[in-house]
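A.B. asks: Here you go, one structure.
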Amino acid sequence: MTTTVETKNLTMIQGINEALRTKLEEDDQVLVLGQDVGVNGGVFRATEGLHEQFGGERVIDTPLAESGIVGTSVGMAANGFRPVAEMQFLGFIYPAFNQIMTHVSRIRQRSMGRYTAPMVIRAPFGAGVRAPEVHSDSVEALFTHMPGVKVVVPSNAYDAKGLLISAIEDPDPVIFLEPMRCYRSSRTEVPEEKYTVKLGKAAVRREGEDISVFTWGAMTIETMKAVEQVEQEENITCDVIDLRTLYPMDKEAIAASVQKTGRALIVHEAPATGGVSSEVMAVINDTSFLYLCSPVERVCGFDTPVPVYSLENEYIPSPEKIKRAIRRSVAF
Amino acid sequence: MTTTVETKNLTMIQGINEALRTKLEEDDQVLVLGQDVGVNGGVFRATEGLHEQFGGERVIDTPLAESGIVGTSVGMAANGFRPVAEMQFLGFIYPAFNQIMTHVSRIRQRSMGRYTAPMVIRAPFGAGVRAPEVHSDSVEALFTHMPGVKVVVPSNAYDAKGLLISAIEDPDPVIFLEPMRCYRSSRTEVPEEKYTVKLGKAAVRREGEDISVFTWGAMTIETMKAVEQVEQEENITCDVIDLRTLYPMDKEAIAASVQKTGRALIVHEAPATGGVSSEVMAVINDTSFLYLCSPVERVCGFDTPVPVYSLENEYIPSPEKIKRAIRRSVAF
Amino acid sequence: MMLDQFPMRQILNEEGQVIEGEQLPFSIEEVKRFYYLMLRARMLDKKSVNMQRQGRIGTYVQYEGQEAAQVGSAAALEDGDWMFPTYRDHAATLTFGHSMRNLLLNWRGRLEGGLPPEGVNIFPPAIPIASQLPHAAGAAWAEKKRGTDRVSLVYFGDGATSEGDFHEGLNFASVFQVPAVFFNQNNGFAISVPMEKQMHAKTIAQKGLGYDIPCERVDGNDITAVYTAVKEAVHRARSGGGPTLLEAVTWRYGAHTTADDPTKYRDQSESERRRETMDPLLRLERYLKHQDAWKDQWVSSLEEEISAEIEQAVEEMENYPEADISQLFDHVYDVPTWTLQEQIDEHLAVKGRNG
Amino acid sequence: MMLDQFPMRQILNEEGQVIEGEQLPFSIEEVKRFYYLMLRARMLDKKSVNMQRQGRIGTYVQYEGQEAAQVGSAAALEDGDWMFPTYRDHAATLTFGHSMRNLLLNWRGRLEGGLPPEGVNIFPPAIPIASQLPHAAGAAWAEKKRGTDRVSLVYFGDGATSEGDFHEGLNFASVFQVPAVFFNQNNGFAISVPMEKQMHAKTIAQKGLGYDIPCERVDGNDITAVYTAVKEAVHRARSGGGPTLLEAVTWRYGAHTTADDPTKYRDQSESERRRETMDPLLRLERYLKHQDAWKDQWVSSLEEEISAEIEQAVEEMENYPEADISQLFDHVYDVPTWTLQEQIDEHLAVKGRNG
Ligand SMILES: Cc1ncc(C[n+]2csc(CCOP(=O)(O)OP(=O)(O)O)c2C)c(N)n1
Ligand SMILES: Cc1ncc(C[n+]2csc(CCOP(=O)(O)OP(=O)(O)O)c2C)c(N)n1
Ligand SMILES: [Mg+2]
Ligand SMILES: [Mg+2]
């Protein structure tokens, strides 16, 4: 039996827009709120057309106050709605940190399950689009260390739509991080109809034998480049695993790959120290110690802020650096 | 030649009080500010007597607003002062997160060195004193992943005094985390005069052969208990390393110990996933891969909030759990 | 200037007399009911302080002196409305229908302390100061979106007005004109910090001017004034008139918590003076006496009744099963993540072996 | 109500005439100086927009229309005072002595953009909205502690007033009575969000009432009114009178930034209308014409002079050495930590091999 699925060739930002539209259509309790998400359609156009279609009661321009956005969303979520709040950039989520840390993530437990916060906080993040300071921060690690929330990072349109729908439907709060660099950098065939991509499952982007490379978000781009080059130039083949969900991480996928290749590299653009790479290393340590033929490598951002944009290309892990780490691991 | 040093037998909270007094006496630019730090002497008495001695212009009761405390401190620090700001509990630092993340840690770089923030943010933290929700959070990992700041955690009076003086004198901002459980749990001989303990250096609390146990703050208490027991009961001897500074970590001390014992365990009370333990594992991976005889173990808090106090003894890593992990590692 | 602009609304003065130009809109029975509710709250508070001293509960947060503010405001709500309390507002939550047993369990470090009876909408008390204000705005906004006439009532102290969330909560509430009542208990201190160090403003009511919402200052020790002001604000909210900021001027007689020593920062004889002059219960007693409606026997029978209720709750609290370890793990997520599940398994394994 | 309580202070009306009951406290030469400073700022803005279109600089933040507010306020400061700008306040920082070249470098993503000349106290422009208000309070507090008469002037937009840091900054400033002037440019929009959605208040000035500090609303397109109001506030601050909140009502003609399309959310013909009626430069032109003090030749010579200055700055900017990679690592810490040093070494090794 074959089924035909209507698909469209979409950018990631379009995939996100479709996910929001799908859920707004399907579920009256879903609300979209944030700065400039209404009439303007979002500074990246993620919410384009939604205000026209669903009106200002469901697609809401808010005052410029992240704690207020998240805090009122907690109240609305506890009282029956499913808010999807946008932080204009992840670097502006910090004023809402108290609300996320002490309420979004804890209200379920604090009330013994009486009140819950089935909400999604969306935020564009990461370097590479020549944005001003702070706009390009990659702080996924702040949330993977926060019990009570899940953390999701899509890297393409298909995943973005399916993961965002899953996130909105999830009973737990989800921090949904959208790599800005991927918003329009490529297109994917995306089914027109509703579908979901399960939270907590990684995707194998490429299969190989010599080393496992774990990454997510925009770093899948640099990683795929590097991996193609080492394959051509040096005949080293790599598993490339796009983790997609950073908490809870896909332990099985990590273990299976490392146990096959015996070597691992993690690539992310957040500062190395204390980054999510360390947690991937911990999972490898816990599951695959005896399989490791060389130390786990990581290629990450520096222990510096994301720089002003004249220097951001120096900051972002380059294919050169990734290749060097792969070679070092394989030669160990 | 011998020198006699006058010492006093002090609790950690007294050591902290002495460090503040020493620096307030020595340096006019040092200010102490926060909620209830003035007339009241601090809710834990860390600033007892300082308001009387130095007056309200230097030991300042502020409004109840963490972002305001840290934000005005940035302005004062950039304009020549050395503020020592108290967060009443680490769990109440979250409203100041934006100021710490985007200004305290970055003003030096953003201004190419013109403006700096040589300030200290002190905060009591950790479970074990039957405090209400949120008061007992251990979120050191939020700051070890924040380029531009240093993170220090003393575990006794001697270190507390010496490290706090170093922190106040340090040209970089320091997050100074004080384990509440250690405030009055024991006494140490502390020199009356000024001395410093260097940031970035761990302390070996016990020497052994079979496994290296890394910990900090109040978990040194549980760790020492466990280690004494396994030594007596099972003749397993342990290196116990109190890291004291979590960023930058003492790489040499970590490597030296693991390369001696071949095994490692990290104990901390923050949730396991994304905790600083992962970063210690990363350092071990990077420095000592070939020396490891078994997977690195960690005994940490659960991936849950610190619970209400009726359950906190279940939450805090117990000597039992530490012993089990030690045995598992040694038996591997 | 603002002190003139925001006079303290009173109906009953300290002597228990209706002040000139005002009328008391309550029958004797209603006043007696107020007295009963405040007495109940006060007796629970006293019992709790005693139990803390005896080590039967942990650190406790007193509210004695603030009963008129808390009871009067809570009594103005109706079933289905929402309440967002702080740690100090047990007189309010009790009045609104919280379970006495659960309120006591709160001071034993039990999660049940945050759990109101089914159908009673009370959030767990907010710990990070002022963080509950946006929640109240959000819950009220949800009611408005659904088209109900339910309102949110949120409690916070004078110190709380310094936090950013105070401002953001009020701003959101005013922009979206949600049915929320922001009820401030100005007891003059945030732990040791007196109002003059907390703000340059002379009143808290005036802070409402920046949001163009109705704001009023009331005598927080006059339950009749508090009830009336809150009822008006609630009514306005229900009928689409948006949020209100109320400042109830009051005083805590005791320490900030049982772990605090107020003599470090204030002269406690001021509390004694206030007990004798402006106490909320004393004021109703005086009123009832003026009306010849006070009988000592009535009070002693109330006291007996309440004592019995409290003893029963204490007993239930003390016989309540120990916290089960599952409470540590339950409800963190809808379903535990695998990391958490592994941690649970390890934990249970250790316990199985050793305990 | 608040609109009456906070009338918009004007000295020159839209026609360039001194309004009844006011006196213009400036000589013709001083007015000409204002005109020159605004023209300089406007020409730099126009040049920058053009260069952005040509790809010679990155995304750029326009301020055209807001010159009177920015220049008038900055001109009221004195050497040694402190300025805390946002990303949109280059007319202010330029006027206060920032380097034109460095301001241009800012739009090339260069750290030098945040670096003012030695001795000029300007913070790097704040990116997280409203986060600079506590800094301004802190820097002013430091001056007060040292007993100087220096003040802080801090810029922020209408949208910024919604953030918690707006509130906390003003509260600290008022409690400690620090010499700070909080200067709001109300240009009616926060990106696409109009003032009515940002706040329920009708004015921003009224937000000062909650802190019991002087607050005033001025016509932000009348540089003479802006200068006068700021001068008064600065004087009060210098002489121990504490902080002031000023609202300068203005308008940005263009987009939020060159990456924004204002037609998505507003009718841009409103900008055209305002250009012809209330433009800050046009107003001074009209005034000078009324005074017979306007010569076309004077303006063209100013334009020539400014053009030359701008061309020179552009040339310096374009010839400025590329950002050295060391800028990525320098000044994160006083001395790089070992982790950072290892990362630097690895980075340089990779570059050495491949580039
Ligand atoms: C964000 C935050 N900072 C600090 C604290 C510690 N703290 C608990 S109660 C309190 C004082 C609160 O004063 P107020 O708002 O006047 O309420 P009151 O206790 O007088 O009822 C403080 C500072 C906290 N709970 N939350
Ligand atoms: C904390 C924070 N949230 C969001 C943003 C994104 N952002 C940049 S400018 C802006 C609008 C600011 O409006 P306003 O304060 O009126 O100043 P204007 O741009 O009009 O000068 C927003 C939302 C930011 N920079 N910081
Ligand atoms: Mg109070
Ligand atoms: Mg604006």
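Convention: chains lettered A, B, ... in structure tokens order; per-chain residue numbering from 1; ligands numbered from 1 as shown.
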Using DSSP on the backbone coordinates, identify the residues of stretch 42-256 of chain D assigned to helix (DSSP H, G or I); present them as number ranges by chain.
C.D. replies: D: 42-53, 67-75, 90-95, 100-106, 111-114, 132-146, 159-162, 164-175, 195-198, 205-211, 223-238
A.B. asks: May I ask you to write as an MDAnalysis selection string all residues lying at most 9 Å from ligand 3, with only C-alpha atoms and all ligand atoms counted?
C.D. replies: chainID C and resid 156:160 185:191 193:195 251:252 256
A.B. asks: For those residues, write C-alpha atoms to a file as a PDB file, in the first residue's frame.
C.D. replies:
```pdb
ATOM      1  CA  PHE C 156       2.260  40.841  48.183  1.00  0.00           C
ATOM      2  CA  GLY C 157       4.172  42.914  50.684  1.00  0.00           C
ATOM      3  CA  ASP C 158       5.703  46.348  50.722  1.00  0.00           C
ATOM      4  CA  GLY C 159       9.107  44.895  49.883  1.00  0.00           C
ATOM      5  CA  ALA C 160       7.657  43.112  46.872  1.00  0.00           C
ATOM      6  CA  GLN C 185      -0.154  44.408  52.651  1.00  0.00           C
ATOM      7  CA  ASN C 186       2.098  47.205  53.707  1.00  0.00           C
ATOM      8  CA  ASN C 187       3.313  46.016  57.082  1.00  0.00           C
ATOM      9  CA  GLY C 188       6.117  48.537  57.062  1.00  0.00           C
ATOM     10  CA  PHE C 189       8.986  46.077  56.830  1.00  0.00           C
ATOM     11  CA  ALA C 190      10.612  43.664  54.436  1.00  0.00           C
ATOM     12  CA  ILE C 191      12.380  41.553  57.009  1.00  0.00           C
ATOM     13  CA  VAL C 193      14.190  46.919  55.862  1.00  0.00           C
ATOM     14  CA  PRO C 194      11.679  49.645  56.687  1.00  0.00           C
ATOM     15  CA  MET C 195       9.515  51.231  54.050  1.00  0.00           C
ATOM     16  CA  TRP C 251       1.739  45.849  60.880  1.00  0.00           C
ATOM     17  CA  ARG C 252       3.123  42.504  61.865  1.00  0.00           C
ATOM     18  CA  HIS C 256       9.480  38.192  60.130  1.00  0.00           C
TER      19      HIS C 256
END
```
A.B. asks: For chain D, which residues have at least one atom within 9 Å of chain C, if we go by only C-alpha atoms? Write them as a PyMOL selection string, please.
C.D. replies: chain D and resi 1-2+162-168+171-172+174-177+196-213
A.B. asks: Please provide as a PyMOL selection string all residues within 9 Å of stretch 211-218 of chain A, with the sequence filter that same-chain residues fewer than 2 positions apart are discarded (counting only C-alpha atoms).
C.D. replies: chain A and resi 126-128+153-156+177-182+207-209+220-223+227+236-246+254+257-258+260-269+277+280+326+329-330
A.B. asks: Chain B residues within 9 Å of chain D, counting only C-alpha atoms: which ones, as a count of residues only?
C.D. replies: 45
A.B. asks: Please tabulate, as a tab-separated table, the residues of chain B that come within 6 Å of chain A, each with its closest pair of atoms and the distance in Å to one decimal, counting only C-alpha atoms and ordering rows by chain, then residue number upward.
C.D. replies:
```
residue	atom	partner	partner_atom	distance
B:Tyr94	CA	A:Asn98	CA	4.6
B:Pro95	CA	A:Asn98	CA	5.2
B:Phe97	CA	A:Tyr94	CA	5.9
B:Asn98	CA	A:Tyr94	CA	4.6
B:His145	CA	A:Gly274	CA	4.7
B:Pro147	CA	A:Thr304	CA	5.0
B:Thr273	CA	A:His145	CA	5.7
B:Gly274	CA	A:His145	CA	4.7
B:Ser278	CA	A:Ser278	CA	5.1
B:Glu279	CA	A:Ser278	CA	5.5
B:Ala282	CA	A:Ser278	CA	5.8
B:Asn285	CA	A:Pro295	CA	5.8
B:Phe289	CA	A:Pro295	CA	5.7
B:Pro295	CA	A:Phe289	CA	5.7
B:Asp303	CA	A:Pro147	CA	5.2
B:Thr304	CA	A:Pro147	CA	4.9
```
A.B. asks: Rank nothing, just name the residue among D:Arg236, D:His90, D:Arg42, D:Lys144 nearest to ligand 2, using only C-alpha atoms and all ligand atoms.
C.D. replies: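 Distance minimum relative to ligand 2 lands on D:His90.
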A.B. asks: Find the residues near A:Ile175: any atom within 6 Å, counting only C-alpha atoms, skip ones fewer than 6 places away on the same chain, and give them as a VMD selection string.
C.D. replies: chain A and resid 120 to 121 151
A.B. asks: Find the distance between atom CA of C:Gly242 and atom CA of A:Pro118 and write it in Å to one decimal.
C.D. replies: 26.6 Å
